[in-house]
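Trainee: Here it is: the structure, laid out below.
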Amino acid sequence: MKKKINKKIKIILKIKFLMKLIIFFFLSILFKSFRNTIYKIETFNIKQFFNTSIRNNSILIFEKNNYHYECTPGFTKYLLDLGFNVDIIMTNIGIESFIFFEPTRKLRFFLIDNTKYNKREEHLEKYREIFKKYLAILIQTTNNKVKYFCRKLNLLNWKNSIFVFHDYPQIKRFNFHNKIRSWTLLKFTNLTLEVNPHYFGNIKLRDKNKLTRFFIVSTGKRHYDELISASNILNNENYQFQVVVTGRSKALNPQIIPKNIKDKFLFNLNLSYQNLLKIIETIDFIIITLNRKNPNDNNYINRKSTGSAQIVYGFLKPCLINSDFANTYRINNENSIIFNNSKDSLYFAMREAIMMTTEEYKKKQYNLKKTADIIYEISKNNVKTTINYILKS
C-alpha cells in the first residue's frame, strides 16, 4: 500500500515539474514576444547585414567600439526626426543604451562580435559594396582602429561619409577636412559642426529624493580628494546623502574611502548600459569633478566633452561643476550648482544640493530642459545641414 502511495506521489511530482517547465517555456516565449512588441526594433547579426536589403532613405551608424554608446540613441533620434530610416552596426553591449527608446520600425540593429571582427579583404569588400547603398554613413567614433577601416573602404574620400570627432585634434590625424561632414559634441572649433546627442528616450522625471543621491563616474586620471573631503565634512555635520559611483575605472574605489564615510558611498562599477541608465534615472545630482589643476582635465574645455554632460542634458539631472568648465557646457546657477577652486567649495555645493527643496529642484530641472532643448535644436539643424549637403553633392 505504501509503495503504491509513494509511486503516486512520484508521478504527481513529475507531472508538477513538467507543468512548471511548460509554463516557464511559454512565459519565456510570451515575454520575448512582448519585449519585441514594445521595442519593435529588428535585431540581426553582422552576417545577416551582408545579405539584407537596404531600405530607401536609409542612413547607417557605424560603431565597432565598446564605448560612446551613450551617444548612439541621440544621433539616432536626430536622424529619425528628420524622416530617415536608420541602421546601426554595433556590438551587443551597445544595444542596451536604447532601453528607454520609443518603439519604431524605422530602426534596425546589426550586432558585431568584436572577437570575430577581422580585417580580411573579402569582408572589407562586402562592407564597401553595402555601404555604397546608404544615403549616408555616420562613423560614430574616430580612432586609429577605425582609421584603418575607413582607409580600406576609402570612406575618407566618399561624399556621403560623416565623422564624429570626440577629441577634435583627431581631424588632423584622420587628415579629413570637410567642416560640414565633421561633428563634435560641442562647439570646440570652426572646423566642425556641433551635434550633441543627449537623447536617451522617454525618461521619467522624478521628484528630488528625501535622501539626496549624488552620481559620479569613476574616471581614470581624475582626482577625488575634494569629493572625499566634502563628504567627510557633510557626514560630521550629520547631513544625510549618498554618492553613487559607477564607471570602468578604479580611480575612485572603496579602498580610498575612509571608514567613517564608507556607508555614504555606493559602488556599482562595470555596469551594463541598461543597469547604468536605470540607476541614473533614480539619482538627483551629477557631480563633475573636472579641475584645471589637473592637466588632463583642461582638454574638457576646448577639445572634447565629458560623457557626464550627455546624462545631465538627457536625464535633466542638475550637476555640480567647477566654474572653469561651466560655460563650455552651458551650465549656470539657474540650471545647476557651480563651485569654484576655493577650499571646501565642493562641500558648500553638495550642502546646497542636499538642502534644496523639491520646488527649487524642479525649477533647476525646468531651466535645464530649456538649455537641453536649445542644444537639441542647434544640433538637429546641423544634422539637417550635413544631410542636405550630402544630397546636393
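As shown in the C-alpha cells, the chain order sets the letters A, B, ...; within each chain, residues go from 1, and ligands are also counted from 1 in the order they appear.
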DSSP on the backbone: which residues in range 132-196 of chain A end up as strand (DSSP E or B)? Give the answer as number ranges by chain.
Mentor: A: 136-139, 161-164, 167, 182-184, 193-194
Trainee: With DSSP run on the backbone, what are the helix (DSSP H, G or I) residues within range 134-380 of chain A? I'd like them as an MDAnalysis selection string.
Mentor: chainID A and resid 144:153 155:157 170:174 179:181 225:236 254:256 259:264 273:280 295:302 307:315 323:329 345:355 358:380
Trainee: Pick the closest to Leu135 in chain A from A:Lys64, A:His177, A:Arg303, A:Arg55: which is it, counting only C-alpha atoms?
Mentor: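 For Leu135 in chain A, the nearest of the candidates is A:Arg55.
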Trainee: Restricting the calculation to only C-alpha atoms, which member of A:Trp183, A:Tyr127, A:Tyr361, A:Phe98 is positioned closest to Tyr69 in chain A?
Mentor: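 Ranking A:Trp183, A:Tyr127, A:Tyr361, A:Phe98 by distance to Tyr69 in chain A, first place goes to A:Phe98.
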Trainee: Set out as CSV a contact list for range 251-288 of chain A and range 199-205 of chain A with a cut-off of 10 Å, giving each residue of range 251-288 of chain A that qualifies its closest atom pair and distance in Å to one decimal, counting only C-alpha atoms, ordered by chain and rising residue number.
Mentor:
```
residue,atom,partner,partner_atom,distance
A:Leu277,CA,A:Phe200,CA,8.9
A:Lys278,CA,A:Ile203,CA,9.9
A:Glu281,CA,A:Lys204,CA,7.3
A:Thr282,CA,A:Leu205,CA,9.1
```
Trainee: Restricting it to N, CA and C atoms, dump the selection as a short mmCIF file (atom, residue, chain, number, x, y, z; two decimals), in the first residue's frame.
Mentor:
```
data_model
loop_
_atom_site.label_atom_id
_atom_site.label_comp_id
_atom_site.auth_asym_id
_atom_site.auth_seq_id
_atom_site.Cartn_x
_atom_site.Cartn_y
_atom_site.Cartn_z
N LEU A 277 21.81 53.09 -16.91
CA LEU A 277 20.77 54.08 -17.20
C LEU A 277 19.62 53.99 -16.21
N LYS A 278 19.33 52.78 -15.74
CA LYS A 278 18.27 52.62 -14.73
C LYS A 278 18.65 53.32 -13.43
N GLU A 281 18.43 57.17 -13.65
CA GLU A 281 17.05 57.66 -13.56
C GLU A 281 16.64 57.94 -12.11
N THR A 282 17.31 57.29 -11.15
CA THR A 282 16.90 57.40 -9.75
C THR A 282 17.71 58.40 -8.94
#
```
Trainee: With 12 Å as the cut-off and only C-alpha atoms counted, what is the closest atom pair between each nearby residue of range 39-149 of chain A and range 371-378 of chain A? Distances in Å to one decimal, ordered by chain and number, as a Markdown table.
Mentor:
```
| residue | atom | partner | partner_atom | distance |
| --- | --- | --- | --- | --- |
| A:Gly74 | CA | A:Tyr376 | CA | 9.4 |
| A:Phe75 | CA | A:Tyr376 | CA | 10.7 |
| A:Lys77 | CA | A:Tyr376 | CA | 10.2 |
| A:Tyr78 | CA | A:Tyr376 | CA | 8.6 |
| A:Asp81 | CA | A:Glu377 | CA | 11.3 |
| A:Leu82 | CA | A:Glu377 | CA | 11.9 |
```
Trainee: Go ahead and dump the residues you just picked, C-alpha atoms, as a CSV table (one decimal), in the first residue's frame.
Mentor:
```
chain,number,residue,atom,x,y,z
A,74,GLY,CA,20.9,60.7,-29.6
A,75,PHE,CA,22.4,60.5,-33.1
A,77,LYS,CA,16.9,60.4,-32.7
A,78,TYR,CA,18.1,63.3,-34.9
A,81,ASP,CA,13.2,63.1,-36.5
A,82,LEU,CA,14.4,64.2,-40.0
```
Trainee: If you count only C-alpha atoms, which residues fall within 9 Å of range 215-224 of chain A, apart from same-chain ones fewer than 5 positions away, as a list in words?
Mentor: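 My reading of the contact set: Ser229, Gln242, Val243, Val244, Val245, Thr246, Gly247, Arg248, Ser249, Lys250, Ala251, Leu252, Asn253, Leu269, Ile280, Ile283, Asp284, Phe285, Ile286, Ile287, Ile288, Thr289, Leu290, Asn291, Asn294, Asn296, Asp297 and Ser308 of chain A.
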Trainee: Suppose we keep C-alpha atoms; can you now write the selection as an mmCIF file, in the first residue's frame?
Mentor:
```cif
data_model
loop_
_atom_site.group_PDB
_atom_site.id
_atom_site.type_symbol
_atom_site.label_atom_id
_atom_site.label_comp_id
_atom_site.auth_asym_id
_atom_site.auth_seq_id
_atom_site.Cartn_x
_atom_site.Cartn_y
_atom_site.Cartn_z
ATOM 1 C CA SER A 229 36.895 65.808 1.935
ATOM 2 C CA GLN A 242 24.557 59.052 -0.802
ATOM 3 C CA VAL A 243 27.204 59.077 -3.539
ATOM 4 C CA VAL A 244 26.530 56.514 -6.266
ATOM 5 C CA VAL A 245 29.756 55.616 -8.076
ATOM 6 C CA THR A 246 29.803 53.934 -11.496
ATOM 7 C CA GLY A 247 32.336 53.655 -14.291
ATOM 8 C CA ARG A 248 35.000 51.264 -15.533
ATOM 9 C CA SER A 249 37.994 52.936 -13.897
ATOM 10 C CA LYS A 250 39.169 52.128 -10.372
ATOM 11 C CA ALA A 251 40.415 55.671 -9.756
ATOM 12 C CA LEU A 252 37.544 56.110 -7.292
ATOM 13 C CA ASN A 253 37.180 52.848 -5.366
ATOM 14 C CA LEU A 269 31.421 49.693 -11.168
ATOM 15 C CA ILE A 280 20.825 57.333 -13.392
ATOM 16 C CA ILE A 283 19.626 59.893 -8.739
ATOM 17 C CA ASP A 284 19.286 63.633 -8.031
ATOM 18 C CA PHE A 285 22.559 65.359 -8.954
ATOM 19 C CA ILE A 286 25.572 64.562 -11.095
ATOM 20 C CA ILE A 287 28.997 65.539 -9.761
ATOM 21 C CA ILE A 288 31.519 66.509 -12.437
ATOM 22 C CA THR A 289 34.932 66.753 -10.762
ATOM 23 C CA LEU A 290 36.813 68.459 -13.594
ATOM 24 C CA ASN A 291 39.601 70.642 -12.219
ATOM 25 C CA ASN A 294 44.704 68.530 -13.329
ATOM 26 C CA ASN A 296 44.337 66.179 -18.321
ATOM 27 C CA ASP A 297 41.066 67.884 -17.361
ATOM 28 C CA SER A 308 28.516 63.139 -17.902
#
```
Trainee: In terms of the shortest atom-to-atom distance over only C-alpha atoms, which of A:Asp167, A:Glu125, A:Asp263, A:Asp87 is closest to Ser53 in chain A?
Mentor: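 Looking at the shortest contact to Ser53 in chain A, the residue is A:Asp87.
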Trainee: Mind giving me the straight-line distance from CA of Thr72 in chain A to CA of Phe214 in chain A in Å, one decimal?
Mentor: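 CA of Phe214 in chain A lies at a distance of 24.9 Å from CA of Thr72 in chain A.
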Trainee: When distances are computed from only C-alpha atoms, which of A:Tyr239, A:Phe325, A:Phe44, A:Phe163 shows the smallest separation from Phe62 in chain A?
Mentor: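 The closest residue to Phe62 in chain A is A:Phe163.
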Trainee: Which residues are near Phe241 in chain A? Cut-off 7 Å, only C-alpha atoms, ignore same chain within fewer than 5 positions. Put them as a compact mmCIF listing (two decimals) with C-alpha atoms, in the first residue's frame.
Mentor:
```txt
# COMPACT_ATOMS: atom_id res chain seq x y z
CA LEU A 211 17.88 61.06 0.83
CA THR A 212 19.82 63.17 -1.67
CA ARG A 213 21.63 60.94 -4.16
CA LYS A 264 27.84 57.12 2.18
```
Trainee: Could you check the closest approach to Leu227 in chain A for each of A:Leu156, A:Ile130, A:Cys71, A:Ile257 and tell me which residue wins, using only C-alpha atoms?
Mentor: A:Ile257
Trainee: Given only C-alpha atoms as the basis, pick out the residue of A:Ile41, A:Leu185, A:Ile89, A:Leu107 nearest to Gln310 in chain A.
Mentor: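 Closest residue, counting only C-alpha atoms: A:Leu185.
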Trainee: In Å, rounded to a single decimal, give me how far CA of Val164 in chain A is from CA of Thr141 in chain A.
Mentor: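 Interatomic distance here is 5.7 Å.
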Trainee: With only C-alpha atoms as the counted atoms, please give the residues lying no more than 12 Å from Ala326 in chain A, apart from itself and same-chain residues fewer than 6 positions off, as a PyMOL selection string.
Mentor: chain A and resi 288-291+300-301+305-306+309+319-320+332-340
Trainee: Any idea what the distance is between CA of Val86 in chain A and CA of Asn65 in chain A?
Mentor: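 It comes out at 18.6 Å.
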Trainee: Just the residues within 12 Å of His166 in chain A, please, counting only C-alpha atoms, with nothing from its chain fewer than 3 positions along; format it as a PyMOL selection string.
Mentor: chain A and resi 67-68+71+139-143+163+169-171+182-188+192+194-197+299-300+302-307
Trainee: Quick one: write out the picked residues with N, CA and C atoms as a JSON list (two decimals), in the first residue's frame?
Mentor:
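Resulting contents of selection.json:
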```json
[["chain", "number", "residue", "atom", "x", "y", "z"],
["A", 67, "TYR", "N", 32.42, 51.55, -26.55],
["A", 67, "TYR", "CA", 32.16, 52.77, -25.79],
["A", 67, "TYR", "C", 31.49, 53.80, -26.68],
["A", 68, "HIS", "N", 31.13, 54.94, -26.09],
["A", 68, "HIS", "CA", 30.39, 56.02, -26.75],
["A", 68, "HIS", "C", 28.95, 55.63, -27.09],
["A", 71, "CYS", "N", 25.99, 57.98, -26.74],
["A", 71, "CYS", "CA", 25.72, 58.93, -27.83],
["A", 71, "CYS", "C", 24.81, 58.36, -28.91],
["A", 139, "ILE", "N", 30.19, 57.58, -39.03],
["A", 139, "ILE", "CA", 31.22, 56.91, -38.24],
["A", 139, "ILE", "C", 31.21, 57.56, -36.87],
["A", 140, "GLN", "N", 30.68, 56.85, -35.87],
["A", 140, "GLN", "CA", 30.38, 57.48, -34.58],
["A", 140, "GLN", "C", 31.62, 57.75, -33.73],
["A", 141, "THR", "N", 32.69, 56.97, -33.93],
["A", 141, "THR", "CA", 33.93, 57.19, -33.18],
["A", 141, "THR", "C", 35.11, 57.16, -34.14],
["A", 142, "THR", "N", 35.98, 58.14, -34.03],
["A", 142, "THR", "CA", 37.19, 58.16, -34.86],
["A", 142, "THR", "C", 38.40, 57.87, -33.98],
["A", 143, "ASN", "N", 39.07, 56.77, -34.25],
["A", 143, "ASN", "CA", 40.33, 56.44, -33.57],
["A", 143, "ASN", "C", 41.21, 55.67, -34.55],
["A", 163, "PHE", "N", 31.83, 62.02, -40.00],
["A", 163, "PHE", "CA", 32.73, 61.56, -38.93],
["A", 163, "PHE", "C", 32.47, 62.35, -37.64],
["A", 169, "PRO", "N", 41.21, 67.17, -32.18],
["A", 169, "PRO", "CA", 42.50, 67.04, -32.87],
["A", 169, "PRO", "C", 42.63, 65.78, -33.73],
["A", 170, "GLN", "N", 41.68, 64.82, -33.53],
["A", 170, "GLN", "CA", 41.68, 63.64, -34.39],
["A", 170, "GLN", "C", 41.48, 64.01, -35.86],
["A", 171, "ILE", "N", 40.93, 65.18, -36.12],
["A", 171, "ILE", "CA", 40.72, 65.64, -37.50],
["A", 171, "ILE", "C", 42.05, 65.63, -38.26],
["A", 182, "SER", "N", 31.93, 66.92, -40.56],
["A", 182, "SER", "CA", 32.69, 66.65, -39.33],
["A", 182, "SER", "C", 31.89, 67.17, -38.14],
["A", 183, "TRP", "N", 31.63, 66.31, -37.18],
["A", 183, "TRP", "CA", 30.85, 66.69, -36.00],
["A", 183, "TRP", "C", 31.69, 66.57, -34.73],
["A", 184, "THR", "N", 31.50, 67.54, -33.83],
["A", 184, "THR", "CA", 31.99, 67.41, -32.45],
["A", 184, "THR", "C", 30.79, 67.60, -31.53],
["A", 185, "LEU", "N", 30.88, 67.09, -30.31],
["A", 185, "LEU", "CA", 29.72, 67.13, -29.42],
["A", 185, "LEU", "C", 29.41, 68.54, -28.94],
["A", 186, "LEU", "N", 30.42, 69.39, -28.89],
["A", 186, "LEU", "CA", 30.22, 70.79, -28.52],
["A", 186, "LEU", "C", 30.96, 71.67, -29.53],
["A", 187, "LYS", "N", 30.77, 72.97, -29.42],
["A", 187, "LYS", "CA", 31.38, 73.90, -30.37],
["A", 187, "LYS", "C", 32.81, 74.22, -29.94],
["A", 188, "PHE", "N", 33.73, 73.30, -30.25],
["A", 188, "PHE", "CA", 35.12, 73.48, -29.85],
["A", 188, "PHE", "C", 35.94, 74.20, -30.91],
["A", 192, "THR", "N", 34.35, 72.19, -37.42],
["A", 192, "THR", "CA", 33.30, 71.17, -37.33],
["A", 192, "THR", "C", 31.95, 71.80, -37.04],
["A", 194, "GLU", "N", 28.57, 71.45, -34.47],
["A", 194, "GLU", "CA", 28.20, 70.93, -33.14],
["A", 194, "GLU", "C", 26.97, 70.04, -33.27],
["A", 195, "VAL", "N", 27.10, 68.79, -32.87],
["A", 195, "VAL", "CA", 25.95, 67.88, -32.81],
["A", 195, "VAL", "C", 26.05, 67.13, -31.49],
["A", 196, "ASN", "N", 25.19, 67.49, -30.55],
["A", 196, "ASN", "CA", 25.26, 66.90, -29.21],
["A", 196, "ASN", "C", 24.14, 65.86, -29.04],
["A", 197, "PRO", "N", 24.48, 64.58, -28.98],
["A", 197, "PRO", "CA", 23.48, 63.51, -28.92],
["A", 197, "PRO", "C", 23.10, 63.14, -27.49],
["A", 299, "ASN", "N", 41.57, 69.43, -21.20],
["A", 299, "ASN", "CA", 41.09, 69.01, -22.52],
["A", 299, "ASN", "C", 39.58, 69.12, -22.63],
["A", 300, "TYR", "N", 38.89, 69.09, -21.48],
["A", 300, "TYR", "CA", 37.43, 69.11, -21.49],
["A", 300, "TYR", "C", 36.86, 70.53, -21.57],
["A", 302, "ASN", "N", 38.28, 72.72, -24.23],
["A", 302, "ASN", "CA", 38.41, 73.17, -25.62],
["A", 302, "ASN", "C", 38.67, 72.09, -26.66],
["A", 303, "ARG", "N", 38.58, 70.78, -26.25],
["A", 303, "ARG", "CA", 38.79, 69.76, -27.28],
["A", 303, "ARG", "C", 37.82, 68.58, -27.23],
["A", 304, "LYS", "N", 37.30, 68.24, -26.04],
["A", 304, "LYS", "CA", 36.36, 67.13, -26.00],
["A", 304, "LYS", "C", 35.37, 67.29, -24.85],
["A", 305, "SER", "N", 34.27, 66.55, -24.94],
["A", 305, "SER", "CA", 33.19, 66.69, -23.96],
["A", 305, "SER", "C", 33.20, 65.51, -22.99],
["A", 306, "THR", "N", 32.89, 65.78, -21.73],
["A", 306, "THR", "CA", 32.72, 64.71, -20.76],
["A", 306, "THR", "C", 31.39, 64.01, -21.01],
["A", 307, "GLY", "N", 31.40, 62.68, -20.90],
["A", 307, "GLY", "CA", 30.17, 61.92, -21.11],
["A", 307, "GLY", "C", 29.09, 62.25, -20.09]]
```
